[in-house]
$ cat data15.cif   # mmCIF, C-alpha atoms
data_query
loop_
_atom_site.label_atom_id
_atom_site.label_comp_id
_atom_site.auth_asym_id
_atom_site.auth_seq_id
_atom_site.Cartn_x
_atom_site.Cartn_y
_atom_site.Cartn_z
CA MET H 86 161.91 80.28 44.44
CA GLU H 87 158.67 82.14 45.12
CA SER H 88 156.53 82.53 42.01
CA VAL H 89 155.68 86.01 40.74
CA THR H 90 151.92 86.49 40.72
CA SER H 91 151.58 90.20 39.94
CA ASN H 92 153.32 93.10 38.21
CA SER H 93 154.07 94.69 41.59
CA GLN H 94 155.97 91.59 42.65
CA ALA H 95 157.84 91.60 39.35
CA MET H 96 158.94 95.16 40.13
CA GLY H 97 160.29 94.06 43.49
CA LEU H 98 157.40 95.18 45.67
CA HIS H 99 155.49 93.32 48.36
CA ASP H 100 157.86 90.41 48.82
CA GLU H 101 156.92 90.39 52.48
CA LYS H 102 153.54 91.09 54.03
CA LEU H 103 153.38 93.61 56.82
CA THR H 104 151.32 92.44 59.76
CA GLY H 105 149.26 94.29 62.28
CA ARG H 106 146.32 96.63 62.26
CA THR H 107 147.58 98.63 59.26
CA GLN H 108 146.69 95.66 57.03
CA GLN H 109 142.97 95.64 57.81
CA LEU H 110 140.71 95.42 54.74
CA PHE H 111 138.29 98.32 54.85
CA PHE H 112 136.80 97.97 51.36
CA SER H 113 135.82 94.95 49.28
CA PRO H 114 135.80 95.13 45.45
CA SER H 115 132.31 93.58 45.52
CA GLU H 116 130.92 96.39 47.69
CA GLU H 117 131.06 99.45 45.47
CA GLU H 118 128.60 101.33 47.66
CA ASN H 119 131.23 101.34 50.41
CA PHE H 120 133.95 102.97 48.31
CA VAL H 121 133.03 106.36 49.77
CA TYR H 122 132.48 107.46 53.34
CA PRO H 123 128.84 107.32 54.47
CA TRP H 124 128.90 111.03 55.28
CA ALA H 125 130.48 112.06 51.95
CA HIS H 126 128.55 114.58 49.86
CA GLU H 127 127.20 113.86 46.39
CA VAL H 128 128.89 116.43 44.21
CA ASP H 129 128.61 117.44 40.55
CA PHE H 130 131.96 118.27 38.92
CA ASP H 131 130.15 120.55 36.47
CA LYS H 132 128.85 122.63 39.36
CA SER H 133 131.57 125.06 40.39
CA THR H 134 132.18 127.93 42.75
CA THR H 135 135.01 130.35 43.54
CA LEU H 136 136.03 131.44 47.04
CA ASP H 137 138.22 134.46 47.82
CA ALA H 138 140.54 133.91 50.79
CA SER H 139 141.82 137.49 50.95
CA ASP H 140 140.07 138.39 54.21
CA VAL H 141 139.17 134.93 55.51
CA ASP H 142 141.08 132.94 58.12
CA VAL H 143 141.98 129.27 57.71
CA THR H 144 139.19 127.82 59.84
CA ALA H 145 136.49 129.85 58.11
CA LEU H 146 137.83 129.02 54.65
CA ASN H 147 137.96 125.27 55.35
CA ILE H 148 134.37 125.50 56.57
CA GLN H 149 133.38 127.31 53.37
CA ILE H 150 134.91 124.49 51.31
CA ARG H 151 132.80 121.95 53.20
CA GLU H 152 129.69 124.07 52.80
CA ALA H 153 130.29 124.24 49.06
CA MET H 154 130.61 120.44 48.91
CA ALA H 155 127.40 120.08 50.91
CA ALA H 156 125.72 122.28 48.29
CA GLY H 157 126.83 119.84 45.59
CA CYS H 158 129.79 121.76 44.16
CA GLY H 159 132.33 119.35 42.75
CA SER H 160 134.78 121.98 41.43
CA ILE H 161 136.02 124.66 43.84
CA THR H 162 138.60 127.36 43.13
CA ILE H 163 140.33 129.26 45.96
CA LYS H 164 141.77 132.63 45.02
CA ASN H 165 144.36 134.54 47.07
CA PRO H 166 145.17 131.78 49.60
CA GLY H 167 148.05 133.94 50.85
CA ALA H 168 150.28 131.00 51.89
CA GLN H 169 148.09 130.31 54.91
CA HIS H 170 148.79 127.11 56.84
CA GLY H 171 146.49 124.10 57.08
CA LEU H 172 144.29 124.83 54.06
CA GLY H 173 142.36 122.03 52.37
CA VAL H 174 142.92 119.50 55.15
CA GLY H 175 140.75 116.52 56.07
CA ILE H 176 138.74 116.38 52.84
CA LEU H 177 137.28 112.87 52.54
CA ASN H 178 135.25 113.47 49.40
CA ARG H 179 135.42 113.38 45.62
CA LEU H 180 136.31 116.92 44.61
CA ASN H 181 138.24 119.06 42.13
CA LEU H 182 139.97 121.67 44.27
CA ARG H 183 142.20 124.39 42.83
CA PHE H 184 144.30 126.89 44.81
CA GLU H 185 145.46 129.87 42.76
CA GLY H 186 148.54 130.85 44.71
CA SER H 187 150.82 129.40 47.38
CA LEU H 188 150.00 127.49 50.57
CA GLY H 189 151.85 127.27 53.88
CA TYR H 190 152.54 124.33 56.19
CA PHE H 191 150.44 121.13 56.25
CA ALA H 192 148.48 121.91 53.09
CA CYS H 193 145.96 119.27 52.05
CA GLY H 194 146.88 116.87 54.84
CA LEU H 195 144.71 113.91 55.86
CA ILE H 196 142.81 113.82 52.57
CA ASP H 197 141.12 110.84 50.95
CA GLY H 198 139.80 111.35 47.44
CA PRO H 199 140.05 114.92 46.12
CA ASN H 200 142.06 116.01 43.08
CA VAL H 201 143.98 119.14 44.07
CA THR H 202 145.97 121.63 41.99
CA ILE H 203 148.16 124.29 43.61
CA THR H 204 149.53 126.86 41.18
CA GLY H 205 152.17 128.23 43.58
CA ARG H 206 154.46 126.76 46.23
CA VAL H 207 153.77 124.77 49.40
CA GLY H 208 155.47 124.70 52.81
CA TRP H 209 156.36 121.78 55.05
CA SER H 210 154.43 118.50 55.15
CA CYS H 211 152.18 118.99 52.15
CA ALA H 212 149.67 116.11 51.81
CA GLU H 213 150.81 114.50 55.06
CA ASN H 214 148.97 111.18 55.60
CA MET H 215 147.19 111.43 52.25
CA MET H 216 145.11 108.30 51.61
CA ALA H 217 143.89 108.67 48.02
CA GLY H 218 143.40 111.23 45.26
CA ARG H 219 145.89 113.50 43.54
CA VAL H 220 147.78 116.64 44.56
CA VAL H 221 149.82 118.55 41.96
CA ILE H 222 152.03 121.51 42.91
CA GLU H 223 153.15 123.61 39.96
CA LYS H 224 156.20 125.12 41.72
CA ASN H 225 158.38 124.11 44.70
CA ALA H 226 157.66 122.23 47.92
CA GLY H 227 159.17 122.44 51.40
CA SER H 228 160.57 119.65 53.56
CA LEU H 229 158.61 116.55 54.65
CA PHE H 230 156.74 116.54 51.35
CA GLY H 231 154.30 113.63 51.49
CA ALA H 232 155.12 112.56 55.03
CA ALA H 233 153.50 109.18 55.83
CA ILE H 234 151.52 109.23 52.56
CA ARG H 235 149.49 106.04 52.15
CA GLY H 236 148.03 106.30 48.64
CA GLY H 237 147.31 108.45 45.61
CA ASP H 238 149.68 110.60 43.52
CA LEU H 239 151.59 113.54 45.00
CA VAL H 240 153.44 115.62 42.40
CA CYS H 241 155.78 118.60 42.79
CA LYS H 242 156.88 119.93 39.42
CA GLY H 243 159.71 121.97 40.95
CA ASP H 244 162.26 121.28 43.68
CA ALA H 245 161.48 119.80 47.11
CA GLY H 246 163.22 120.03 50.48
CA ALA H 247 164.59 117.37 52.81
CA ARG H 248 162.87 114.16 53.95
CA VAL H 249 160.53 113.79 51.00
CA GLY H 250 158.28 110.79 51.68
CA ILE H 251 159.47 110.22 55.24
CA ASP H 252 157.69 107.11 56.55
CA GLN H 253 155.93 106.66 53.18
CA LYS H 254 153.46 103.77 53.36
CA GLY H 255 152.08 103.74 49.82
CA GLY H 256 151.13 105.82 46.81
CA THR H 257 153.46 107.63 44.41
CA ILE H 258 155.52 110.77 45.04
CA ILE H 259 157.07 112.61 42.08
CA VAL H 260 159.56 115.49 42.32
CA GLY H 261 160.22 117.15 38.97
CA GLY H 262 163.42 118.86 40.11
CA ASN H 263 165.97 118.30 42.87
CA ALA H 264 165.24 116.96 46.35
CA GLY H 265 167.07 117.37 49.66
CA ALA H 266 168.60 114.98 52.17
CA PHE H 267 167.06 111.86 53.69
CA CYS H 268 164.38 111.37 51.03
CA GLY H 269 162.58 108.09 51.60
CA PHE H 270 163.72 107.93 55.23
CA MET H 271 162.05 104.91 56.90
CA MET H 272 160.05 104.26 53.72
CA GLN H 273 157.75 101.25 54.08
CA ARG H 274 155.79 101.02 50.83
CA GLY H 275 155.07 102.93 47.64
CA ARG H 276 157.19 104.55 44.93
CA MET H 277 159.14 107.76 44.71
CA ILE H 278 160.46 109.41 41.55
CA ILE H 279 163.05 112.22 41.66
CA LEU H 280 163.82 113.63 38.21
CA GLY H 281 166.68 115.85 39.39
CA ASP H 282 169.41 115.20 41.93
CA ALA H 283 168.86 113.69 45.39
CA GLY H 284 170.66 114.82 48.55
CA GLU H 285 172.61 112.73 51.03
CA ASN H 286 171.32 109.61 52.80
CA LEU H 287 168.72 108.68 50.20
CA GLY H 288 166.43 105.92 51.44
CA ASP H 289 168.00 105.78 54.90
CA SER H 290 166.54 102.89 56.94
CA MET H 291 163.96 102.12 54.25
CA TYR H 292 162.01 98.93 54.92
CA ASP H 293 160.47 98.42 51.49
CA GLY H 294 159.28 100.42 48.49
CA THR H 295 161.14 101.75 45.46
CA ILE H 296 162.96 105.02 44.76
CA TYR H 297 163.78 106.12 41.20
CA VAL H 298 166.30 108.93 40.57
CA ALA H 299 167.16 110.42 37.18
CA GLY H 300 169.97 112.68 38.42
CA GLU H 301 172.88 112.23 40.80
CA VAL H 302 172.59 110.87 44.34
CA GLU H 303 174.88 112.53 46.90
CA SER H 304 174.94 109.40 49.07
CA LEU H 305 172.82 106.39 50.01
CA GLY H 306 171.50 105.95 53.53
CA VAL H 307 171.74 102.87 55.72
CA ASP H 308 170.24 99.80 54.03
CA CYS H 309 169.45 101.54 50.73
CA VAL H 310 171.04 99.78 47.76
CA PRO H 311 170.94 100.06 43.95
CA GLY H 312 168.28 97.87 42.35
CA SER H 313 167.95 96.32 38.92
CA ILE H 314 165.61 98.35 36.73
CA SER H 315 163.46 96.33 34.33
CA LYS H 316 161.42 97.03 31.22
CA LEU H 317 158.34 96.82 33.44
CA ASP H 318 159.78 99.58 35.65
CA GLN H 319 160.53 101.75 32.64
CA ASP H 320 157.07 101.28 31.12
CA TRP H 321 155.45 102.23 34.41
CA LEU H 322 157.71 105.28 34.78
CA GLN H 323 156.96 106.44 31.23
CA GLY H 324 153.22 106.15 31.76
CA LYS H 325 153.30 107.92 35.12
CA LEU H 326 155.46 110.82 33.89
CA ASP H 327 153.38 111.23 30.73
CA GLN H 328 150.29 111.53 32.94
CA TYR H 329 151.69 114.74 34.46
CA GLY H 330 153.60 116.11 31.47
CA LEU H 331 157.00 115.43 33.02
CA LYS H 332 160.20 114.10 31.47
CA ALA H 333 163.47 112.70 32.76
CA PRO H 334 166.28 115.02 31.53
CA GLY H 335 168.23 112.09 30.11
CA GLY H 336 165.22 110.00 29.12
CA ILE H 337 163.70 107.01 30.88
CA GLY H 338 166.88 105.03 30.31
CA SER H 339 168.81 107.40 32.61
CA ILE H 340 166.66 106.64 35.66
CA LYS H 341 168.25 104.52 38.38
CA LYS H 342 166.42 102.36 40.90
CA TYR H 343 167.06 102.05 44.64
CA VAL H 344 165.52 99.55 47.04
CA SER H 345 165.92 98.25 50.57
CA GLY H 346 168.87 95.97 51.28
CA LYS H 347 166.65 94.33 53.93
CA GLN H 348 169.46 94.09 56.46
CA LEU H 349 167.50 95.96 59.14
CA TRP H 350 164.27 93.96 58.96
CA ASN H 351 165.13 92.20 62.22
CA TYR H 352 167.21 95.02 63.59
CA ASP H 353 165.52 95.06 67.01
CA ASN H 354 166.49 91.42 67.57
CA LEU H 355 170.20 91.99 66.97
CA GLU H 356 172.73 92.11 69.77
CA PRO H 357 174.48 95.50 70.24
CA SER H 358 177.68 94.18 68.67
CA GLU H 359 175.76 92.99 65.61
CA LYS H 360 174.07 96.38 65.24
CA LYS H 361 177.49 98.02 64.96
CA ILE H 362 178.32 95.67 62.09
CA VAL H 363 175.10 96.50 60.25
CA LEU H 364 175.54 100.25 60.66
#
$ encode --input "data15.cif" --output "structure tokens"
Amino acid sequence: MESVTSNSQAMGLHDEKLTGRTQQLFFSPSEEENFVYPWAHEVDFDKSTTLDASDVDVTALNIQIREAMAAGCGSITIKNPGAQHGLGVGILNRLNLRFEGSLGYFACGLIDGPNVTITGRVGWSCAENMMAGRVVIEKNAGSLFGAAIRGGDLVCKGDAGARVGIDQKGGTIIVGGNAGAFCGFMMQRGRMIILGDAGENLGDSMYDGTIYVAGEVESLGVDCVPGSISKLDQDWLQGKLDQYGLKAPGGIGSIKKYVSGKQLWNYDNLEPSEKKIVL
């Protein structure tokens, strides 16, 4: 039996190493100077500015955010975002960014590092391909929440739509309320917490990773199976929920764990008749 060498392995993660270009090591713990991008701005979190988006289009507003970072502002507040699409995307910098209002589609996508608060709602694909940092939405989120997220914490304190964490490759996604169908579809890594109910086909075709649900699950997808929740899982869940002021309605003990059944790992190598048996 393979020995457990880390807490993540004890929680059922990383039993198998993915291969290919996605596993390149970009940063070394001994090279702290390389933890940020060479073009990243030095910002002071005590230096703040406020931008009004009332009469500014998306492109101009995103440019203004970058100009504020270049000027050393580490805390930026956007007022009246008006649910515009594509705001706060591509930020590869340390930053406290606050949107006072709702955002549209693809909010805060392709980010690596900022801490973002959104006081309203968000549309489809919020924080798509997020690498690192934190995004907290105070209200509800649309479908494809956290699509292909690779790292960081993505938190929706309300309800979320279908396909939360589709193709998730890392990080943590938390939904404080209910979530729609096909959450965790094709999940590859990371953790997902749903504190309300989950729709049909939870974890369909998931390859790895862990999904925690406090409420009811309408149905499990292909190759998603119940897992055994441990004290280590519960301690991690308690700490993570406390961090964002969230609680499971029935307490930590009510949360159930779902993992990959690992029957589709070699799916492409199966004969057509064998695929019918698996499905």
$ atom_distance --input "data15.cif" --atom1 "CA of Val249 (chain H)" --atom2 "CA of Phe230 (chain H)"
4.7 Å
$ residues_around --input "data15.cif" --residues "Gly284 (chain H)" --least-positions-apart "5" --cutoff "7 Å" --atoms "only C-alpha atoms" --output "PyMOL selection string"
chain H and resi 264-267+302-304
$ resolve_selection --input "data15.cif" --expression "the PyMOL selection byres ((chain H and resi 147) around 10)" --output "list in words"
Val141, Asp142, Val143, Thr144, Ala145, Leu146, Ile148, Gln149, Ile150, Arg151, Glu152, Ala153, Gly171, Leu172, Gly173, Val174, Gly175 and Ile176 of chain H
$ residues_near_point --input "data15.cif" --point "(157.4, 111.5, 50.7)" --cutoff "8 Å" --atoms "only C-alpha atoms" --output "list in words"
Leu229, Phe230, Gly231, Ala232, Ala233, Ile234, Arg248, Val249, Gly250, Ile251, Asp252, Gln253, Ile258, Cys268, Gly269 and Met277 of chain H
$ write_last_selection --input "data15.cif" --atoms "C-alpha atoms" --output "compact mmCIF listing (two decimals), in the frame of the given file"
# COMPACT_ATOMS: atom_id res chain seq x y z
CA LEU H 229 158.61 116.55 54.65
CA PHE H 230 156.74 116.54 51.35
CA GLY H 231 154.30 113.63 51.49
CA ALA H 232 155.12 112.56 55.03
CA ALA H 233 153.50 109.18 55.83
CA ILE H 234 151.52 109.23 52.56
CA ARG H 248 162.87 114.16 53.95
CA VAL H 249 160.53 113.79 51.00
CA GLY H 250 158.28 110.79 51.68
CA ILE H 251 159.47 110.22 55.24
CA ASP H 252 157.69 107.11 56.55
CA GLN H 253 155.93 106.66 53.18
CA ILE H 258 155.52 110.77 45.04
CA CYS H 268 164.38 111.37 51.03
CA GLY H 269 162.58 108.09 51.60
CA MET H 277 159.14 107.76 44.71
$ residues_near_point --input "data15.cif" --point "(154.4, 106.3, 41.6)" --cutoff "10 Å" --atoms "all atoms listed in the file" --output "PDB file with C-alpha atoms, keeping the file's coordinate frame"
ATOM      1  CA  GLY H 236     148.030 106.300  48.640  1.00  0.00           C
ATOM      2  CA  GLY H 237     147.310 108.450  45.610  1.00  0.00           C
ATOM      3  CA  ASP H 238     149.680 110.600  43.520  1.00  0.00           C
ATOM      4  CA  LEU H 239     151.590 113.540  45.000  1.00  0.00           C
ATOM      5  CA  VAL H 240     153.440 115.620  42.400  1.00  0.00           C
ATOM      6  CA  GLY H 255     152.080 103.740  49.820  1.00  0.00           C
ATOM      7  CA  GLY H 256     151.130 105.820  46.810  1.00  0.00           C
ATOM      8  CA  THR H 257     153.460 107.630  44.410  1.00  0.00           C
ATOM      9  CA  ILE H 258     155.520 110.770  45.040  1.00  0.00           C
ATOM     10  CA  ILE H 259     157.070 112.610  42.080  1.00  0.00           C
ATOM     11  CA  GLY H 275     155.070 102.930  47.640  1.00  0.00           C
ATOM     12  CA  ARG H 276     157.190 104.550  44.930  1.00  0.00           C
ATOM     13  CA  MET H 277     159.140 107.760  44.710  1.00  0.00           C
ATOM     14  CA  ILE H 278     160.460 109.410  41.550  1.00  0.00           C
ATOM     15  CA  THR H 295     161.140 101.750  45.460  1.00  0.00           C
ATOM     16  CA  ILE H 296     162.960 105.020  44.760  1.00  0.00           C
ATOM     17  CA  TYR H 297     163.780 106.120  41.200  1.00  0.00           C
ATOM     18  CA  TRP H 321     155.450 102.230  34.410  1.00  0.00           C
ATOM     19  CA  LEU H 322     157.710 105.280  34.780  1.00  0.00           C
ATOM     20  CA  GLY H 324     153.220 106.150  31.760  1.00  0.00           C
ATOM     21  CA  LYS H 325     153.300 107.920  35.120  1.00  0.00           C
ATOM     22  CA  LEU H 326     155.460 110.820  33.890  1.00  0.00           C
TER      23      LEU H 326
END
$ residues_around --input "data15.cif" --residues "Ile196 (chain H)" --least-positions-apart "3" --cutoff "8 Å" --atoms "only C-alpha atoms" --output "PyMOL selection string"
chain H and resi 174-177+193+199+212+214-218
$ atom_distance --input "data15.cif" --atom1 "CA of Ile222 (chain H)" --atom2 "CA of Arg179 (chain H)"
18.7 Å
$ atom_distance --input "data15.cif" --atom1 "CA of Gln348 (chain H)" --atom2 "CA of Ala247 (chain H)"
24.1 Å
$ residues_around --input "data15.cif" --residues "Leu280 (chain H)" --least-positions-apart "5" --cutoff "12 Å" --atoms "all atoms listed in the file" --output "ChimeraX atom specification"
/H:240-245,258-264,296-302,322,326,331-337,339-342
$ resolve_selection --input "data15.cif" --expression "the PyMOL selection byres ((chain H and resi 154) around 9)" --output "mmCIF file with C-alpha atoms, keeping the file's coordinate frame"
data_model
loop_
_atom_site.group_PDB
_atom_site.id
_atom_site.type_symbol
_atom_site.label_atom_id
_atom_site.label_comp_id
_atom_site.auth_asym_id
_atom_site.auth_seq_id
_atom_site.Cartn_x
_atom_site.Cartn_y
_atom_site.Cartn_z
ATOM 1 C CA ALA H 125 130.480 112.060 51.950
ATOM 2 C CA HIS H 126 128.550 114.580 49.860
ATOM 3 C CA GLU H 127 127.200 113.860 46.390
ATOM 4 C CA VAL H 128 128.890 116.430 44.210
ATOM 5 C CA GLN H 149 133.380 127.310 53.370
ATOM 6 C CA ILE H 150 134.910 124.490 51.310
ATOM 7 C CA ARG H 151 132.800 121.950 53.200
ATOM 8 C CA GLU H 152 129.690 124.070 52.800
ATOM 9 C CA ALA H 153 130.290 124.240 49.060
ATOM 10 C CA ALA H 155 127.400 120.080 50.910
ATOM 11 C CA ALA H 156 125.720 122.280 48.290
ATOM 12 C CA GLY H 157 126.830 119.840 45.590
ATOM 13 C CA CYS H 158 129.790 121.760 44.160
ATOM 14 C CA GLY H 159 132.330 119.350 42.750
ATOM 15 C CA SER H 160 134.780 121.980 41.430
ATOM 16 C CA ILE H 161 136.020 124.660 43.840
ATOM 17 C CA ASN H 178 135.250 113.470 49.400
ATOM 18 C CA LEU H 180 136.310 116.920 44.610
#
